[in-house]
$ cat data39.pdb   # PDB, C-alpha atoms
ATOM      1  CA  MET R 104     168.799  30.510 102.030  1.00  0.00           C
ATOM      2  CA  THR R 105     172.482  29.977 102.214  1.00  0.00           C
ATOM      3  CA  ARG R 106     174.559  28.570  99.420  1.00  0.00           C
ATOM      4  CA  ALA R 107     175.394  25.447 101.439  1.00  0.00           C
ATOM      5  CA  LEU R 108     171.717  24.677 101.989  1.00  0.00           C
ATOM      6  CA  LEU R 109     170.957  25.127  98.293  1.00  0.00           C
ATOM      7  CA  SER R 110     173.872  22.852  97.425  1.00  0.00           C
ATOM      8  CA  PHE R 111     172.559  20.204  99.822  1.00  0.00           C
ATOM      9  CA  VAL R 112     169.048  20.396  98.368  1.00  0.00           C
ATOM     10  CA  GLY R 113     170.488  20.179  94.857  1.00  0.00           C
ATOM     11  CA  LEU R 114     172.544  17.144  95.797  1.00  0.00           C
ATOM     12  CA  PHE R 115     169.549  15.452  97.455  1.00  0.00           C
ATOM     13  CA  THR R 116     167.280  15.969  94.457  1.00  0.00           C
ATOM     14  CA  ALA R 117     170.026  14.964  92.017  1.00  0.00           C
ATOM     15  CA  VAL R 118     170.423  11.671  93.880  1.00  0.00           C
ATOM     16  CA  GLY R 119     166.640  11.225  93.743  1.00  0.00           C
ATOM     17  CA  THR R 120     166.716  11.745  89.991  1.00  0.00           C
ATOM     18  CA  LEU R 121     169.551   9.246  89.723  1.00  0.00           C
ATOM     19  CA  PHE R 122     167.554   6.569  91.559  1.00  0.00           C
ATOM     20  CA  CYS R 123     164.339   7.086  89.612  1.00  0.00           C
ATOM     21  CA  CYS R 124     165.724   7.526  86.100  1.00  0.00           C
ATOM     22  CA  ALA R 125     169.383   6.675  85.517  1.00  0.00           C
ATOM     23  CA  LEU R 126     169.754   3.619  87.737  1.00  0.00           C
ATOM     24  CA  PRO R 127     166.819   1.659  86.239  1.00  0.00           C
ATOM     25  CA  ALA R 128     168.042   2.453  82.724  1.00  0.00           C
ATOM     26  CA  LEU R 129     171.526   1.223  83.619  1.00  0.00           C
ATOM     27  CA  PHE R 130     170.178  -2.015  85.094  1.00  0.00           C
ATOM     28  CA  VAL R 131     168.066  -2.690  82.006  1.00  0.00           C
ATOM     29  CA  LEU R 132     171.028  -1.912  79.754  1.00  0.00           C
ATOM     30  CA  LEU R 133     173.141  -4.412  81.664  1.00  0.00           C
ATOM     31  CA  GLY R 134     170.367  -7.018  81.517  1.00  0.00           C
ATOM     32  CA  ALA R 135     169.581  -6.813  85.215  1.00  0.00           C
ATOM     33  CA  GLY R 136     165.987  -5.607  85.022  1.00  0.00           C
ATOM     34  CA  ALA R 137     164.865  -8.394  87.347  1.00  0.00           C
ATOM     35  CA  ALA R 138     167.432  -7.252  89.925  1.00  0.00           C
ATOM     36  CA  PHE R 139     165.965  -3.755  89.841  1.00  0.00           C
ATOM     37  CA  ALA R 140     162.467  -5.176  90.194  1.00  0.00           C
ATOM     38  CA  GLY R 141     163.655  -6.959  93.333  1.00  0.00           C
ATOM     39  CA  LEU R 142     165.221  -3.729  94.573  1.00  0.00           C
ATOM     40  CA  THR R 143     161.942  -1.842  94.185  1.00  0.00           C
ATOM     41  CA  ARG R 144     160.203  -4.613  96.119  1.00  0.00           C
ATOM     42  CA  THR R 145     162.744  -4.241  98.930  1.00  0.00           C
ATOM     43  CA  ILE R 146     162.691  -0.414  98.869  1.00  0.00           C
ATOM     44  CA  PRO R 147     159.174   0.616  97.786  1.00  0.00           C
ATOM     45  CA  GLN R 148     159.987   4.330  98.268  1.00  0.00           C
ATOM     46  CA  LEU R 149     161.758   4.216  94.901  1.00  0.00           C
ATOM     47  CA  ILE R 150     158.345   3.934  93.233  1.00  0.00           C
ATOM     48  CA  TRP R 151     157.204   7.168  94.896  1.00  0.00           C
ATOM     49  CA  VAL R 152     160.341   8.952  93.702  1.00  0.00           C
ATOM     50  CA  ALA R 153     159.757   7.646  90.169  1.00  0.00           C
ATOM     51  CA  GLU R 154     156.169   8.886  90.213  1.00  0.00           C
ATOM     52  CA  HIS R 155     157.330  12.398  91.180  1.00  0.00           C
ATOM     53  CA  LYS R 156     160.465  12.556  89.011  1.00  0.00           C
ATOM     54  CA  ASP R 157     159.347  15.772  87.300  1.00  0.00           C
ATOM     55  CA  TRP R 158     159.314  17.615  90.630  1.00  0.00           C
ATOM     56  CA  PHE R 159     162.646  16.130  91.688  1.00  0.00           C
ATOM     57  CA  PHE R 160     164.247  17.147  88.403  1.00  0.00           C
ATOM     58  CA  ALA R 161     162.831  20.687  88.494  1.00  0.00           C
ATOM     59  CA  ILE R 162     163.690  21.349  92.138  1.00  0.00           C
ATOM     60  CA  GLY R 163     167.151  19.838  91.689  1.00  0.00           C
ATOM     61  CA  GLY R 164     167.882  21.941  88.616  1.00  0.00           C
ATOM     62  CA  ILE R 165     166.669  25.149  90.225  1.00  0.00           C
ATOM     63  CA  SER R 166     168.589  24.574  93.458  1.00  0.00           C
ATOM     64  CA  LEU R 167     171.788  23.646  91.592  1.00  0.00           C
ATOM     65  CA  LEU R 168     171.430  26.749  89.427  1.00  0.00           C
ATOM     66  CA  LEU R 169     170.845  28.944  92.480  1.00  0.00           C
ATOM     67  CA  SER R 170     173.800  27.461  94.341  1.00  0.00           C
ATOM     68  CA  VAL R 171     176.050  28.415  91.413  1.00  0.00           C
ATOM     69  CA  VAL R 172     174.570  31.894  90.879  1.00  0.00           C
ATOM     70  CA  LEU R 173     174.302  33.066  94.489  1.00  0.00           C
ATOM     71  CA  PRO R 174     177.480  34.222  96.235  1.00  0.00           C
TER      72      PRO R 174
END
$ encode --input "data39.pdb" --output "structure tokens"
Amino acid sequence: MTRALLSFVGLFTAVGTLFCCALPALFVLLGAGAAFAGLTRTIPQLIWVAEHKDWFFAIGGISLLLSVVLP
């Protein structure tokens, strides 16, 4: 795989981790938990990402590490 492809995969999985973990926590912190509940009703794919967050985090970390290590 090329470095650009690994960087793209790392970016994609990092964004997935952001949507499943960081964004809901931010909404709850700001008191907008109901807004996030409405967002998950509008975009139900977010639930699937949240259910598989371990895989997203692992693949994202590995691909980001490889994109830094490989020339």
$ residues_near_point --input "data39.pdb" --point "(164.2, 11.5, 93.2)" --cutoff "9 Å" --atoms "all atoms listed in the file" --output "ChimeraX atom specification"
/R:115-124,149,151-160,163
$ write_last_selection --input "data39.pdb" --atoms "C-alpha atoms" --output "PDB file, in the coordinates of the input"
ATOM      1  CA  PHE R 115     169.549  15.452  97.455  1.00  0.00           C
ATOM      2  CA  THR R 116     167.280  15.969  94.457  1.00  0.00           C
ATOM      3  CA  ALA R 117     170.026  14.964  92.017  1.00  0.00           C
ATOM      4  CA  VAL R 118     170.423  11.671  93.880  1.00  0.00           C
ATOM      5  CA  GLY R 119     166.640  11.225  93.743  1.00  0.00           C
ATOM      6  CA  THR R 120     166.716  11.745  89.991  1.00  0.00           C
ATOM      7  CA  LEU R 121     169.551   9.246  89.723  1.00  0.00           C
ATOM      8  CA  PHE R 122     167.554   6.569  91.559  1.00  0.00           C
ATOM      9  CA  CYS R 123     164.339   7.086  89.612  1.00  0.00           C
ATOM     10  CA  CYS R 124     165.724   7.526  86.100  1.00  0.00           C
ATOM     11  CA  LEU R 149     161.758   4.216  94.901  1.00  0.00           C
ATOM     12  CA  TRP R 151     157.204   7.168  94.896  1.00  0.00           C
ATOM     13  CA  VAL R 152     160.341   8.952  93.702  1.00  0.00           C
ATOM     14  CA  ALA R 153     159.757   7.646  90.169  1.00  0.00           C
ATOM     15  CA  GLU R 154     156.169   8.886  90.213  1.00  0.00           C
ATOM     16  CA  HIS R 155     157.330  12.398  91.180  1.00  0.00           C
ATOM     17  CA  LYS R 156     160.465  12.556  89.011  1.00  0.00           C
ATOM     18  CA  ASP R 157     159.347  15.772  87.300  1.00  0.00           C
ATOM     19  CA  TRP R 158     159.314  17.615  90.630  1.00  0.00           C
ATOM     20  CA  PHE R 159     162.646  16.130  91.688  1.00  0.00           C
ATOM     21  CA  PHE R 160     164.247  17.147  88.403  1.00  0.00           C
ATOM     22  CA  GLY R 163     167.151  19.838  91.689  1.00  0.00           C
TER      23      GLY R 163
END
$ atom_distance --input "data39.pdb" --atom1 "atom CA of R:Ser170" --atom2 "atom CA of R:Leu126"
25.1 Å
$ closest_residue --input "data39.pdb" --among "R:Leu133, R:Val172, R:Leu167, R:Ala138" --to "R:Leu108" --atoms "all atoms listed in the file"
R:Leu167
$ atom_distance --input "data39.pdb" --atom1 "atom CA of R:Ser110" --atom2 "atom CA of R:Leu173"
10.6 Å
$ build_atoms --input "data39.pdb" --residues "stretch 117-130 of chain R" --atoms "N, CA, C and O atoms" --output "PDB file, in the coordinates of the input"
ATOM      1  N   ALA R 117     169.280  15.613  93.093  1.00  0.00           N
ATOM      2  CA  ALA R 117     170.026  14.964  92.017  1.00  0.00           C
ATOM      3  C   ALA R 117     170.154  13.470  92.285  1.00  0.00           C
ATOM      4  O   ALA R 117     170.058  12.655  91.367  1.00  0.00           O
ATOM      5  N   VAL R 118     170.359  13.092  93.530  1.00  0.00           N
ATOM      6  CA  VAL R 118     170.423  11.671  93.880  1.00  0.00           C
ATOM      7  C   VAL R 118     169.056  11.018  93.668  1.00  0.00           C
ATOM      8  O   VAL R 118     168.968   9.890  93.189  1.00  0.00           O
ATOM      9  N   GLY R 119     167.985  11.746  93.992  1.00  0.00           N
ATOM     10  CA  GLY R 119     166.640  11.225  93.743  1.00  0.00           C
ATOM     11  C   GLY R 119     166.390  10.988  92.268  1.00  0.00           C
ATOM     12  O   GLY R 119     165.808   9.979  91.875  1.00  0.00           O
ATOM     13  N   THR R 120     166.848  11.913  91.429  1.00  0.00           N
ATOM     14  CA  THR R 120     166.716  11.745  89.991  1.00  0.00           C
ATOM     15  C   THR R 120     167.543  10.565  89.508  1.00  0.00           C
ATOM     16  O   THR R 120     167.127   9.812  88.626  1.00  0.00           O
ATOM     17  N   LEU R 121     168.710  10.378  90.090  1.00  0.00           N
ATOM     18  CA  LEU R 121     169.551   9.246  89.723  1.00  0.00           C
ATOM     19  C   LEU R 121     168.838   7.928  90.010  1.00  0.00           C
ATOM     20  O   LEU R 121     168.820   7.028  89.170  1.00  0.00           O
ATOM     21  N   PHE R 122     168.219   7.813  91.189  1.00  0.00           N
ATOM     22  CA  PHE R 122     167.554   6.569  91.559  1.00  0.00           C
ATOM     23  C   PHE R 122     166.310   6.300  90.728  1.00  0.00           C
ATOM     24  O   PHE R 122     165.999   5.150  90.449  1.00  0.00           O
ATOM     25  N   CYS R 123     165.594   7.341  90.330  1.00  0.00           N
ATOM     26  CA  CYS R 123     164.339   7.086  89.612  1.00  0.00           C
ATOM     27  C   CYS R 123     164.532   6.951  88.118  1.00  0.00           C
ATOM     28  O   CYS R 123     163.713   6.317  87.468  1.00  0.00           O
ATOM     29  N   CYS R 124     165.594   7.501  87.562  1.00  0.00           N
ATOM     30  CA  CYS R 124     165.724   7.526  86.100  1.00  0.00           C
ATOM     31  C   CYS R 124     166.970   6.814  85.586  1.00  0.00           C
ATOM     32  O   CYS R 124     166.876   5.948  84.735  1.00  0.00           O
ATOM     33  N   ALA R 125     168.132   7.193  86.073  1.00  0.00           N
ATOM     34  CA  ALA R 125     169.383   6.675  85.517  1.00  0.00           C
ATOM     35  C   ALA R 125     169.674   5.248  85.967  1.00  0.00           C
ATOM     36  O   ALA R 125     170.112   4.421  85.166  1.00  0.00           O
ATOM     37  N   LEU R 126     169.452   4.947  87.217  1.00  0.00           N
ATOM     38  CA  LEU R 126     169.754   3.619  87.737  1.00  0.00           C
ATOM     39  C   LEU R 126     168.911   2.526  87.084  1.00  0.00           C
ATOM     40  O   LEU R 126     169.463   1.500  86.665  1.00  0.00           O
ATOM     41  N   PRO R 127     167.592   2.698  86.935  1.00  0.00           N
ATOM     42  CA  PRO R 127     166.819   1.659  86.239  1.00  0.00           C
ATOM     43  C   PRO R 127     167.263   1.469  84.786  1.00  0.00           C
ATOM     44  O   PRO R 127     167.333   0.341  84.303  1.00  0.00           O
ATOM     45  N   ALA R 128     167.585   2.571  84.106  1.00  0.00           N
ATOM     46  CA  ALA R 128     168.042   2.453  82.724  1.00  0.00           C
ATOM     47  C   ALA R 128     169.358   1.692  82.647  1.00  0.00           C
ATOM     48  O   ALA R 128     169.563   0.879  81.736  1.00  0.00           O
ATOM     49  N   LEU R 129     170.250   1.935  83.592  1.00  0.00           N
ATOM     50  CA  LEU R 129     171.526   1.223  83.619  1.00  0.00           C
ATOM     51  C   LEU R 129     171.316  -0.268  83.873  1.00  0.00           C
ATOM     52  O   LEU R 129     171.926  -1.108  83.206  1.00  0.00           O
ATOM     53  N   PHE R 130     170.448  -0.605  84.810  1.00  0.00           N
ATOM     54  CA  PHE R 130     170.178  -2.015  85.094  1.00  0.00           C
ATOM     55  C   PHE R 130     169.583  -2.730  83.880  1.00  0.00           C
ATOM     56  O   PHE R 130     169.954  -3.858  83.579  1.00  0.00           O
TER      57      PHE R 130
END
